[in-house]
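**Student:** Sharing query-v2.cif below, mmCIF, C-alpha atoms:
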data_start
#
loop_
_atom_site.label_atom_id
_atom_site.label_comp_id
_atom_site.auth_asym_id
_atom_site.auth_seq_id
_atom_site.Cartn_x
_atom_site.Cartn_y
_atom_site.Cartn_z
CA MET A 28 25.79 -54.93 46.44
CA THR A 29 24.53 -55.71 49.93
CA ARG A 30 21.23 -56.75 48.30
CA VAL A 31 22.84 -59.20 45.89
CA ARG A 32 24.39 -62.58 46.66
CA PRO A 33 26.84 -64.66 44.61
CA SER A 34 25.34 -67.52 42.63
CA PRO A 35 24.64 -70.47 44.99
CA THR A 36 25.05 -72.96 42.16
CA SER A 37 28.53 -71.62 41.40
CA ALA A 38 29.43 -71.88 45.09
CA ALA A 39 28.28 -75.51 45.23
CA LEU A 40 30.28 -76.41 42.12
CA ALA A 41 33.36 -74.64 43.49
CA LEU A 42 33.23 -76.62 46.74
CA ALA A 43 32.84 -79.91 44.86
CA ALA A 44 35.80 -78.98 42.66
CA GLU A 45 37.92 -78.22 45.72
CA LEU A 46 37.18 -81.63 47.20
CA LYS A 47 37.96 -83.33 43.89
CA ALA A 48 41.26 -81.47 43.72
CA ALA A 49 42.02 -82.71 47.22
CA GLY A 50 41.63 -86.29 46.02
CA ARG A 51 38.02 -87.02 46.98
CA ASP A 52 35.98 -89.13 44.55
CA VAL A 53 33.07 -86.69 44.34
CA VAL A 54 30.11 -87.36 42.05
CA SER A 55 28.90 -83.89 41.06
CA LEU A 56 25.18 -83.56 40.35
CA GLY A 57 25.26 -79.79 40.56
CA ALA A 58 26.29 -78.65 37.09
CA GLY A 59 23.70 -76.88 34.96
CA GLU A 60 25.35 -77.68 31.66
CA PRO A 61 25.26 -80.58 29.18
CA ASP A 62 27.88 -83.29 29.60
CA PHE A 63 28.05 -83.73 25.81
CA ASP A 64 30.61 -82.09 23.54
CA THR A 65 29.64 -79.35 21.10
CA PRO A 66 28.64 -81.04 17.79
CA ALA A 67 31.45 -81.41 15.27
CA HIS A 68 29.78 -79.39 12.51
CA VAL A 69 29.32 -76.47 14.90
CA LYS A 70 32.98 -76.52 15.94
CA GLN A 71 34.02 -76.72 12.29
CA ALA A 72 31.95 -73.62 11.49
CA ALA A 73 33.88 -71.74 14.16
CA ILE A 74 37.22 -72.95 12.81
CA ASP A 75 36.21 -71.88 9.31
CA ALA A 76 35.18 -68.47 10.64
CA ILE A 77 38.59 -67.99 12.26
CA HIS A 78 40.39 -68.87 9.04
CA ALA A 79 38.08 -66.53 7.13
CA GLY A 80 39.15 -63.63 9.37
CA MET A 81 35.84 -63.20 11.15
CA THR A 82 37.62 -61.82 14.21
CA LYS A 83 36.47 -58.21 14.23
CA TYR A 84 33.67 -56.35 15.96
CA THR A 85 30.21 -57.18 14.72
CA PRO A 86 27.02 -55.11 15.07
CA ILE A 87 26.07 -54.78 18.73
CA ASP A 88 22.89 -56.81 18.29
CA GLY A 89 24.49 -59.62 16.24
CA THR A 90 25.45 -60.27 12.65
CA ALA A 91 22.80 -60.08 9.96
CA GLU A 92 23.48 -63.73 9.12
CA LEU A 93 22.87 -64.96 12.66
CA LYS A 94 19.79 -62.80 13.11
CA ALA A 95 18.41 -64.30 9.89
CA ALA A 96 19.05 -67.80 11.28
CA ILE A 97 17.25 -66.81 14.49
CA GLN A 98 14.31 -65.49 12.44
CA ARG A 99 14.10 -68.84 10.67
CA LYS A 100 14.28 -70.69 13.97
CA PHE A 101 11.43 -68.67 15.50
CA VAL A 102 9.22 -69.25 12.44
CA ARG A 103 10.09 -72.94 12.15
CA ASP A 104 9.73 -73.89 15.80
CA ASN A 105 7.38 -71.33 17.31
CA ASN A 106 5.44 -69.71 14.45
CA LEU A 107 6.76 -66.36 15.68
CA HIS A 108 7.67 -63.71 13.10
CA TYR A 109 10.21 -61.05 14.05
CA GLU A 110 11.87 -58.36 11.98
CA PRO A 111 15.67 -57.94 12.35
CA GLY A 112 15.11 -54.92 14.61
CA GLN A 113 13.11 -57.14 16.96
CA ILE A 114 16.01 -59.54 17.59
CA LEU A 115 19.00 -59.10 19.90
CA VAL A 116 21.95 -61.48 20.23
CA SER A 117 23.82 -61.36 23.54
CA SER A 118 26.68 -63.07 25.36
CA GLY A 119 24.48 -65.86 26.66
CA ALA A 120 20.82 -65.95 27.62
CA LYS A 121 21.89 -64.77 31.07
CA GLN A 122 22.93 -61.42 29.61
CA THR A 123 19.72 -61.35 27.60
CA LEU A 124 17.67 -61.70 30.79
CA PHE A 125 19.79 -59.09 32.56
CA ASN A 126 19.20 -56.72 29.63
CA VAL A 127 15.43 -57.28 29.94
CA CYS A 128 15.47 -56.31 33.61
CA GLN A 129 17.54 -53.20 33.01
CA ALA A 130 15.35 -52.17 30.06
CA VAL A 131 11.97 -52.68 31.72
CA LEU A 132 12.38 -52.10 35.46
CA SER A 133 12.73 -48.86 37.43
CA PRO A 134 13.01 -48.16 41.17
CA GLY A 135 9.77 -49.11 42.91
CA ASP A 136 8.68 -51.53 40.20
CA GLU A 137 7.86 -55.17 40.88
CA ALA A 138 8.76 -58.29 38.94
CA ILE A 139 6.91 -61.57 39.53
CA VAL A 140 9.17 -64.58 39.95
CA PRO A 141 7.50 -68.01 40.26
CA ALA A 142 9.35 -70.30 42.68
CA PRO A 143 11.21 -72.57 42.36
CA TYR A 144 13.13 -70.15 40.17
CA TRP A 145 16.45 -69.99 38.41
CA VAL A 146 18.77 -68.49 41.03
CA SER A 147 19.62 -65.31 39.12
CA TYR A 148 16.11 -63.95 38.51
CA PRO A 149 15.58 -62.22 41.88
CA ASP A 150 19.04 -60.66 41.97
CA MET A 151 18.74 -59.40 38.40
CA VAL A 152 15.55 -57.66 39.50
CA ARG A 153 17.29 -56.15 42.55
CA LEU A 154 20.18 -54.94 40.39
CA ALA A 155 17.58 -52.97 38.45
CA ASP A 156 16.43 -51.36 41.75
CA ALA A 157 13.10 -53.20 41.58
CA GLU A 158 11.53 -55.73 43.94
CA PRO A 159 11.03 -59.42 43.18
CA VAL A 160 7.59 -60.74 44.13
CA ILE A 161 7.75 -64.49 44.66
CA ILE A 162 4.84 -66.83 43.90
CA GLU A 163 5.55 -70.09 45.70
CA THR A 164 4.58 -73.47 44.25
CA ASP A 165 5.21 -77.04 45.36
CA ILE A 166 5.49 -80.57 44.06
CA GLU A 167 1.74 -81.11 44.33
CA ALA A 168 1.17 -78.19 41.93
CA GLU A 169 3.83 -79.61 39.59
CA PHE A 170 5.82 -76.46 40.41
CA LYS A 171 3.59 -74.30 38.17
CA ILE A 172 1.69 -71.14 39.05
CA SER A 173 -2.05 -70.95 38.53
CA ALA A 174 -4.01 -68.14 36.94
CA ASN A 175 -5.51 -67.31 40.33
CA ALA A 176 -2.11 -67.11 42.01
CA LEU A 177 -0.83 -64.85 39.24
CA LYS A 178 -3.86 -62.58 39.50
CA ALA A 179 -3.36 -62.25 43.27
CA ALA A 180 0.28 -61.22 42.82
CA LEU A 181 -0.27 -58.60 40.10
CA THR A 182 -0.45 -54.94 41.13
CA ASP A 183 -0.23 -51.59 39.39
CA ARG A 184 3.50 -51.69 40.18
CA THR A 185 4.11 -54.98 38.34
CA ARG A 186 6.23 -54.47 35.24
CA LEU A 187 7.71 -57.91 34.51
CA LEU A 188 6.84 -61.61 34.78
CA PHE A 189 9.35 -64.42 34.39
CA LEU A 190 8.11 -67.68 32.85
CA ASN A 191 10.68 -70.45 32.48
CA SER A 192 9.50 -73.56 30.66
CA PRO A 193 10.98 -76.18 30.73
CA SER A 194 12.06 -75.11 34.18
CA ASN A 195 15.40 -74.90 35.85
CA PRO A 196 15.36 -76.36 38.54
CA THR A 197 12.24 -78.55 38.30
CA GLY A 198 11.92 -79.76 34.71
CA SER A 199 8.24 -78.76 34.75
CA CYS A 200 6.65 -77.42 31.56
CA TYR A 201 3.56 -75.32 30.93
CA SER A 202 1.06 -76.67 28.43
CA LYS A 203 -0.55 -74.44 25.81
CA ALA A 204 -3.80 -74.46 27.79
CA GLU A 205 -2.03 -73.42 30.99
CA LEU A 206 -0.27 -70.57 29.20
CA GLU A 207 -3.57 -69.40 27.72
CA LYS A 208 -5.08 -69.19 31.22
CA LEU A 209 -2.13 -67.08 32.42
CA GLY A 210 -2.48 -64.93 29.32
CA SER A 211 -6.14 -64.23 30.04
CA VAL A 212 -5.09 -62.75 33.39
CA LEU A 213 -2.19 -60.76 31.94
CA ALA A 214 -4.45 -59.26 29.26
CA LYS A 215 -5.96 -57.09 32.00
CA PHE A 216 -2.54 -55.73 33.05
CA PRO A 217 -1.17 -54.03 29.93
CA GLN A 218 1.88 -52.60 31.71
CA VAL A 219 3.40 -56.06 32.30
CA VAL A 220 6.15 -57.41 30.04
CA ILE A 221 6.47 -61.20 29.91
CA ALA A 222 9.99 -62.64 29.86
CA ALA A 223 9.50 -66.11 28.37
CA ASP A 224 12.72 -67.98 29.15
CA ASP A 225 12.73 -70.88 26.67
CA ILE A 226 16.42 -71.79 27.00
CA TYR A 227 15.55 -75.49 27.59
CA GLU A 228 13.00 -75.62 24.76
CA LYS A 229 14.80 -78.36 22.83
CA ILE A 230 15.37 -80.55 25.90
CA TYR A 231 11.74 -81.58 26.09
CA TRP A 232 9.76 -84.82 25.98
CA ALA A 233 6.16 -84.08 27.03
CA ASP A 234 3.34 -85.69 25.05
CA GLU A 235 2.13 -82.44 23.48
CA PRO A 236 4.43 -80.22 21.38
CA PHE A 237 6.40 -77.50 23.14
CA CYS A 238 4.56 -74.17 23.16
CA SER A 239 6.16 -70.80 23.81
CA PHE A 240 4.13 -68.12 25.60
CA ALA A 241 3.87 -65.78 22.60
CA SER A 242 2.70 -68.71 20.47
CA ALA A 243 -0.03 -69.59 22.98
CA CYS A 244 -1.04 -65.94 23.51
CA PRO A 245 -0.42 -64.08 20.22
CA GLU A 246 -2.51 -61.17 21.46
CA LEU A 247 0.26 -60.55 24.03
CA ALA A 248 3.17 -60.93 21.60
CA ASP A 249 3.65 -57.16 21.53
CA ARG A 250 4.79 -57.27 25.14
CA THR A 251 6.46 -60.67 25.28
CA VAL A 252 10.23 -61.08 25.07
CA THR A 253 11.07 -64.64 24.02
CA ILE A 254 14.52 -65.65 25.26
CA ASN A 255 16.53 -68.59 23.98
CA GLY A 256 20.06 -69.62 23.08
CA VAL A 257 22.31 -72.46 21.97
CA SER A 258 23.98 -73.24 25.31
CA LYS A 259 21.70 -76.07 26.41
CA SER A 260 20.31 -77.30 23.09
CA HIS A 261 23.68 -77.72 21.38
CA ALA A 262 26.03 -78.17 24.37
CA MET A 263 27.55 -74.72 23.80
CA THR A 264 27.62 -73.25 27.30
CA GLY A 265 31.11 -71.82 26.95
CA TRP A 266 30.39 -70.20 23.58
CA ARG A 267 28.06 -67.66 25.25
CA ILE A 268 25.33 -67.02 22.70
CA GLY A 269 21.81 -66.14 23.77
CA TYR A 270 19.14 -64.26 21.87
CA ALA A 271 15.73 -62.70 22.20
CA GLY A 272 12.83 -61.74 19.98
CA GLY A 273 10.26 -59.21 21.09
CA PRO A 274 8.68 -55.78 20.68
CA ALA A 275 11.00 -53.34 18.92
CA ALA A 276 10.90 -50.75 21.73
CA VAL A 277 11.99 -53.23 24.42
CA ILE A 278 14.59 -54.90 22.18
CA GLY A 279 15.93 -51.47 21.25
CA ALA A 280 16.32 -50.54 24.92
CA MET A 281 18.07 -53.85 25.58
CA LYS A 282 20.44 -53.12 22.69
CA THR A 283 21.27 -49.71 24.16
CA ILE A 284 22.11 -51.29 27.51
CA GLN A 285 24.26 -53.91 25.82
CA SER A 286 26.07 -51.22 23.85
CA GLN A 287 27.32 -49.77 27.14
CA CYS A 288 28.08 -53.15 28.65
CA THR A 289 29.67 -55.86 26.49
CA SER A 290 28.90 -54.51 23.01
CA ASN A 291 28.68 -57.38 20.50
CA PRO A 292 28.82 -61.07 21.42
CA CYS A 293 31.82 -63.12 20.24
CA SER A 294 32.11 -63.06 16.46
CA ILE A 295 33.37 -66.67 16.24
CA SER A 296 30.59 -67.92 18.49
CA GLN A 297 28.03 -66.20 16.30
CA ALA A 298 29.29 -68.11 13.25
CA ALA A 299 29.06 -71.35 15.24
CA ALA A 300 25.53 -70.50 16.35
CA ILE A 301 24.40 -70.20 12.73
CA ALA A 302 25.58 -73.76 12.11
CA ALA A 303 23.83 -74.89 15.30
CA LEU A 304 20.49 -73.35 14.34
CA ASP A 305 20.51 -74.14 10.62
CA GLY A 306 22.43 -77.42 10.61
CA ASP A 307 21.55 -81.07 11.17
CA GLN A 308 19.60 -81.45 14.43
CA THR A 309 20.29 -85.17 14.87
CA CYS A 310 22.81 -84.30 17.56
CA VAL A 311 20.10 -82.57 19.58
CA GLU A 312 17.76 -85.54 19.26
CA GLU A 313 20.48 -87.90 20.49
CA MET A 314 21.19 -85.75 23.55
CA VAL A 315 17.49 -85.46 24.40
CA ALA A 316 17.05 -89.24 24.16
CA ALA A 317 19.86 -89.70 26.69
CA TYR A 318 18.40 -87.08 29.03
CA ARG A 319 14.98 -88.74 28.82
CA GLU A 320 16.44 -92.11 29.81
CA ARG A 321 18.31 -90.56 32.73
CA SER A 322 15.20 -88.66 33.82
CA ARG A 323 13.19 -91.87 34.06
CA PHE A 324 15.94 -93.60 36.01
CA ILE A 325 16.67 -90.85 38.52
CA SER A 326 13.03 -90.05 39.31
CA MET A 327 12.27 -93.72 40.02
CA ALA A 328 15.49 -94.25 41.96
CA LEU A 329 14.99 -91.17 44.14
CA ASN A 330 11.43 -92.19 45.01
CA GLU A 331 12.84 -95.44 46.40
CA LEU A 332 15.13 -93.57 48.80
CA PRO A 333 13.81 -93.03 52.34
CA GLY A 334 12.59 -89.47 52.84
CA PHE A 335 12.65 -88.53 49.13
CA GLN A 336 9.63 -87.53 47.04
CA CYS A 337 10.23 -86.82 43.34
CA ARG A 338 8.12 -86.17 40.25
CA GLU A 339 9.59 -86.67 36.81
CA GLY A 340 9.91 -83.50 34.78
CA GLN A 341 9.08 -83.10 31.12
CA GLY A 342 12.23 -81.32 30.07
CA ALA A 343 15.60 -79.79 31.03
CA PHE A 344 18.03 -82.07 32.87
CA TYR A 345 17.12 -81.71 36.53
CA ALA A 346 15.25 -83.60 39.22
CA PHE A 347 13.90 -81.58 42.12
CA PRO A 348 12.90 -83.95 44.93
CA ARG A 349 11.36 -82.92 48.22
CA VAL A 350 13.66 -84.13 51.02
CA GLU A 351 12.03 -82.71 54.16
CA SER A 352 11.49 -86.19 55.63
CA ALA A 353 15.10 -87.17 55.00
CA ILE A 354 16.29 -83.95 56.66
CA LYS A 355 14.19 -84.70 59.74
CA SER A 356 15.26 -88.34 59.96
CA LEU A 357 18.93 -87.27 59.95
CA LYS A 358 18.14 -84.55 62.53
CA LEU A 359 19.58 -81.88 60.28
CA GLU A 360 18.54 -78.24 60.33
CA ASP A 361 17.65 -77.52 56.69
CA ASP A 362 18.31 -78.34 53.05
CA GLY A 363 21.62 -76.48 53.11
CA GLU A 364 22.91 -78.67 55.92
CA PHE A 365 21.50 -81.72 54.12
CA VAL A 366 23.48 -80.90 50.97
CA ARG A 367 26.66 -80.42 53.01
CA TYR A 368 25.99 -83.72 54.80
CA LEU A 369 25.71 -85.63 51.51
CA LEU A 370 28.86 -84.01 50.20
CA GLN A 371 30.89 -84.86 53.30
CA LYS A 372 29.43 -88.32 54.03
CA ALA A 373 28.57 -89.63 50.57
CA ASP A 374 30.84 -87.59 48.26
CA VAL A 375 27.78 -86.52 46.25
CA ALA A 376 27.34 -82.85 45.32
CA MET A 377 24.00 -81.18 44.58
CA VAL A 378 22.40 -77.78 45.24
CA GLN A 379 20.00 -76.93 48.07
CA GLY A 380 16.45 -76.05 47.10
CA SER A 381 16.49 -72.85 49.16
CA ALA A 382 18.86 -71.39 46.52
CA PHE A 383 15.92 -71.66 44.12
CA GLY A 384 13.35 -70.28 46.55
CA ALA A 385 12.17 -73.75 47.64
CA PRO A 386 13.43 -74.81 51.08
CA GLY A 387 13.15 -78.52 51.77
CA TYR A 388 14.07 -79.57 48.23
CA VAL A 389 17.34 -80.25 46.38
CA ARG A 390 18.28 -79.86 42.74
CA ILE A 391 19.96 -82.83 41.11
CA SER A 392 21.41 -82.46 37.64
CA PHE A 393 21.42 -85.57 35.48
CA ALA A 394 23.69 -83.99 32.88
CA CYS A 395 26.18 -86.74 33.65
CA SER A 396 26.69 -90.40 32.82
CA MET A 397 24.23 -93.07 33.87
CA SER A 398 26.99 -94.78 35.84
CA ASP A 399 27.54 -91.58 37.83
CA LEU A 400 23.82 -91.41 38.60
CA GLU A 401 23.77 -95.04 39.74
CA THR A 402 26.81 -94.47 41.94
CA ALA A 403 25.32 -91.31 43.44
CA VAL A 404 22.00 -92.98 44.29
CA GLU A 405 23.75 -95.91 45.96
CA ARG A 406 25.98 -93.60 48.00
CA ILE A 407 23.01 -91.54 49.14
CA ARG A 408 21.11 -94.71 50.08
CA ASN A 409 24.03 -95.91 52.19
CA VAL A 410 24.12 -92.73 54.33
CA LEU A 411 20.34 -92.49 54.71
CA VAL A 412 19.71 -96.04 55.93
#
Kindly return the structure encoded in the file as structure tokens.
**Tutor:**
Amino acid sequence: MTRVRPSPTSAALALAAELKAAGRDVVSLGAGEPDFDTPAHVKQAAIDAIHAGMTKYTPIDGTAELKAAIQRKFVRDNNLHYEPGQILVSSGAKQTLFNVCQAVLSPGDEAIVPAPYWVSYPDMVRLADAEPVIIETDIEAEFKISANALKAALTDRTRLLFLNSPSNPTGSCYSKAELEKLGSVLAKFPQVVIAADDIYEKIYWADEPFCSFASACPELADRTVTINGVSKSHAMTGWRIGYAGGPAAVIGAMKTIQSQCTSNPCSISQAAAIAALDGDQTCVEEMVAAYRERSRFISMALNELPGFQCREGQGAFYAFPRVESAIKSLKLEDDGEFVRYLLQKADVAMVQGSAFGAPGYVRISFACSMSDLETAVERIRNVLV
């Protein structure tokens, strides 16, 4: 436990909540969850499941009905074909990723984690007694690793690579061509499993269609675990349903780990997830349109602030500006002190970039109303000038 730290994003949200409870008018830009409600037809499916008595244990890896819906989703959206034994449903994509680490990694192994990264990746690796190997990127590289950087980081001890697209915290997305270049490097390292974290797949607005790693590199599908869920796409964070498709041996090991951990995911949530995956997707399109509008606004507004440098992402609901100049102009020590300064002086909460392996940046969530974004930008401007 001395090697593992609590989630920095949870700590930031907790502090903002404390200040709100104390009467402060805090605008929170730290939350990594949609501000929309779960669609009505999804909630109704859960209610119907309760009345139908679907309140018992289910198979550890998910109901046959939900796994069939996931199969259809993978074929429809990604042209990926999985048998039922190649699919695992878990209590959120976070558990899915944890299962991957426990299934694949052993003491002395290495897992490559591109930075900026989702905060939990390195600690999940450490909890599996392996070592995270960080590949740093920056705003000039659009926060994406190159084939050369990947090749330089790979060793005979590498067992796992995380690829998150669209990215939390940057909103950056890999194109099909970029994934193919990474795949050409990975083809020479057959011991490496690729964890393709596609949880933000549906929150995407790049010009070319979204492409998952296994779709871009079908020759590596037999060692790619494709991770997804309904939390972000259908505003179902509290329902805790994530899933994965991948090689039967790895999925089977993940199932064994889950059997000794949580066992099956919530039966009611599984029924709701079927409705989310198979039902009308208009609700998703409406949410994405709102996120796209907010993304345009916040990236432009942040670039007008002194000391901020921001690129607009192509998905997810985050902006990740570089704020090194603003930190220096305020004579602050680092991005952590900068975040605390904005919270105390401007009543605006966000998360420091160092929590994501990127000192000198901050993560701003625009999963909030446009009026909240406008208020936050104005408050930040007032304490920077």
**Student:** Let me know the residues the PyMOL selection byres ((chain A and resi 234) around 12) catches in the file above, as number ranges by chain.
**Tutor:** A: 200-203, 231-233, 235-238, 340-342
**Student:** To one decimal place, how far is atom CA of Asp165 of chain A from atom CA of Ala328 of chain A in Å?
**Tutor:**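 Pair atom CA of Asp165 of chain A / atom CA of Ala328 of chain A returns 20.3 Å.
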**Student:** Which protein, DNA or RNA residues are at most 12 Å from (20.4, -58.6, 33.2) in the file's coordinates when you count all atoms listed in the file, listed as a PyMOL selection string?
**Tutor:** chain A and resi 117-132+147-156+222+281-282+284-285+288-289
**Student:** Can you work out which one of A:His68, A:Arg323, A:Arg186, A:His108 has the shortest atom-to-atom distance to Thr253 of chain A, counting all atoms listed in the file?
**Tutor:** A:His108
**Student:** Give me the residues near Ile114 of chain A as a PyMOL selection string, where near means some atom within 10 Å (using only C-alpha atoms) and where sequence neighbours in that chain fewer than 5 positions away do not count.
**Tutor:** chain A and resi 88-89+94-95+97-98+109+252-254+270-275+278-279+282
**Student:** If the PyMOL selection byres ((chain A and resi 139) around 12) were run on this exact file, what residues would it hold? Put them as a ChimeraX atom specification.
**Tutor:** /A:128,132,136-138,140-142,144,148-149,152,157-163,172,176-182,184-191,213,219-222
**Student:** Could you write out as a PyMOL selection string the residues that the PyMOL selection byres ((chain A and resi 229) around 8) matches in the shown file?
**Tutor:** chain A and resi 226-228+230-231+260+311+315
**Student:** Between A:Val412, A:Ala174, A:Ala49, A:Ile407, which has the minimum distance to Tyr368 of chain A (counting all atoms listed in the file)?
**Tutor:**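 Using all atoms listed in the file, Tyr368 of chain A sits closest to A:Ile407.
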**Student:** Need the neighbours of (16.3, -72.3, 45.9): which residues are at most 9 Å away, counting all atoms listed in the file, as a ChimeraX atom specification?
**Tutor:** /A:35,142-146,196,378-386,388-390
**Student:** Could you save those same residues with C-alpha atoms as a PDB file, keeping the file's coordinate frame?
**Tutor:**
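And here is the file that came out, part33.pdb:
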ATOM      1  CA  PRO A  35      24.640 -70.470  44.990  1.00  0.00           C
ATOM      2  CA  ALA A 142       9.350 -70.300  42.680  1.00  0.00           C
ATOM      3  CA  PRO A 143      11.210 -72.570  42.360  1.00  0.00           C
ATOM      4  CA  TYR A 144      13.130 -70.150  40.170  1.00  0.00           C
ATOM      5  CA  TRP A 145      16.450 -69.990  38.410  1.00  0.00           C
ATOM      6  CA  VAL A 146      18.770 -68.490  41.030  1.00  0.00           C
ATOM      7  CA  PRO A 196      15.360 -76.360  38.540  1.00  0.00           C
ATOM      8  CA  VAL A 378      22.400 -77.780  45.240  1.00  0.00           C
ATOM      9  CA  GLN A 379      20.000 -76.930  48.070  1.00  0.00           C
ATOM     10  CA  GLY A 380      16.450 -76.050  47.100  1.00  0.00           C
ATOM     11  CA  SER A 381      16.490 -72.850  49.160  1.00  0.00           C
ATOM     12  CA  ALA A 382      18.860 -71.390  46.520  1.00  0.00           C
ATOM     13  CA  PHE A 383      15.920 -71.660  44.120  1.00  0.00           C
ATOM     14  CA  GLY A 384      13.350 -70.280  46.550  1.00  0.00           C
ATOM     15  CA  ALA A 385      12.170 -73.750  47.640  1.00  0.00           C
ATOM     16  CA  PRO A 386      13.430 -74.810  51.080  1.00  0.00           C
ATOM     17  CA  TYR A 388      14.070 -79.570  48.230  1.00  0.00           C
ATOM     18  CA  VAL A 389      17.340 -80.250  46.380  1.00  0.00           C
ATOM     19  CA  ARG A 390      18.280 -79.860  42.740  1.00  0.00           C
TER      20      ARG A 390
END
**Student:** Provide the atom CA of Glu405 of chain A to atom CA of Glu60 of chain A distance in Å, to one decimal place.
**Tutor:**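 Taking atom CA of Glu405 of chain A as the start and atom CA of Glu60 of chain A as the end point, the length is 23.2 Å.
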**Student:** Identify which of the residues A:Leu115, A:Ala39, A:Val102, A:Val69 lies closest to Val277 of chain A, counting only C-alpha atoms when measuring atom-to-atom distances.
**Tutor:**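 Closest residue, counting only C-alpha atoms: A:Leu115.
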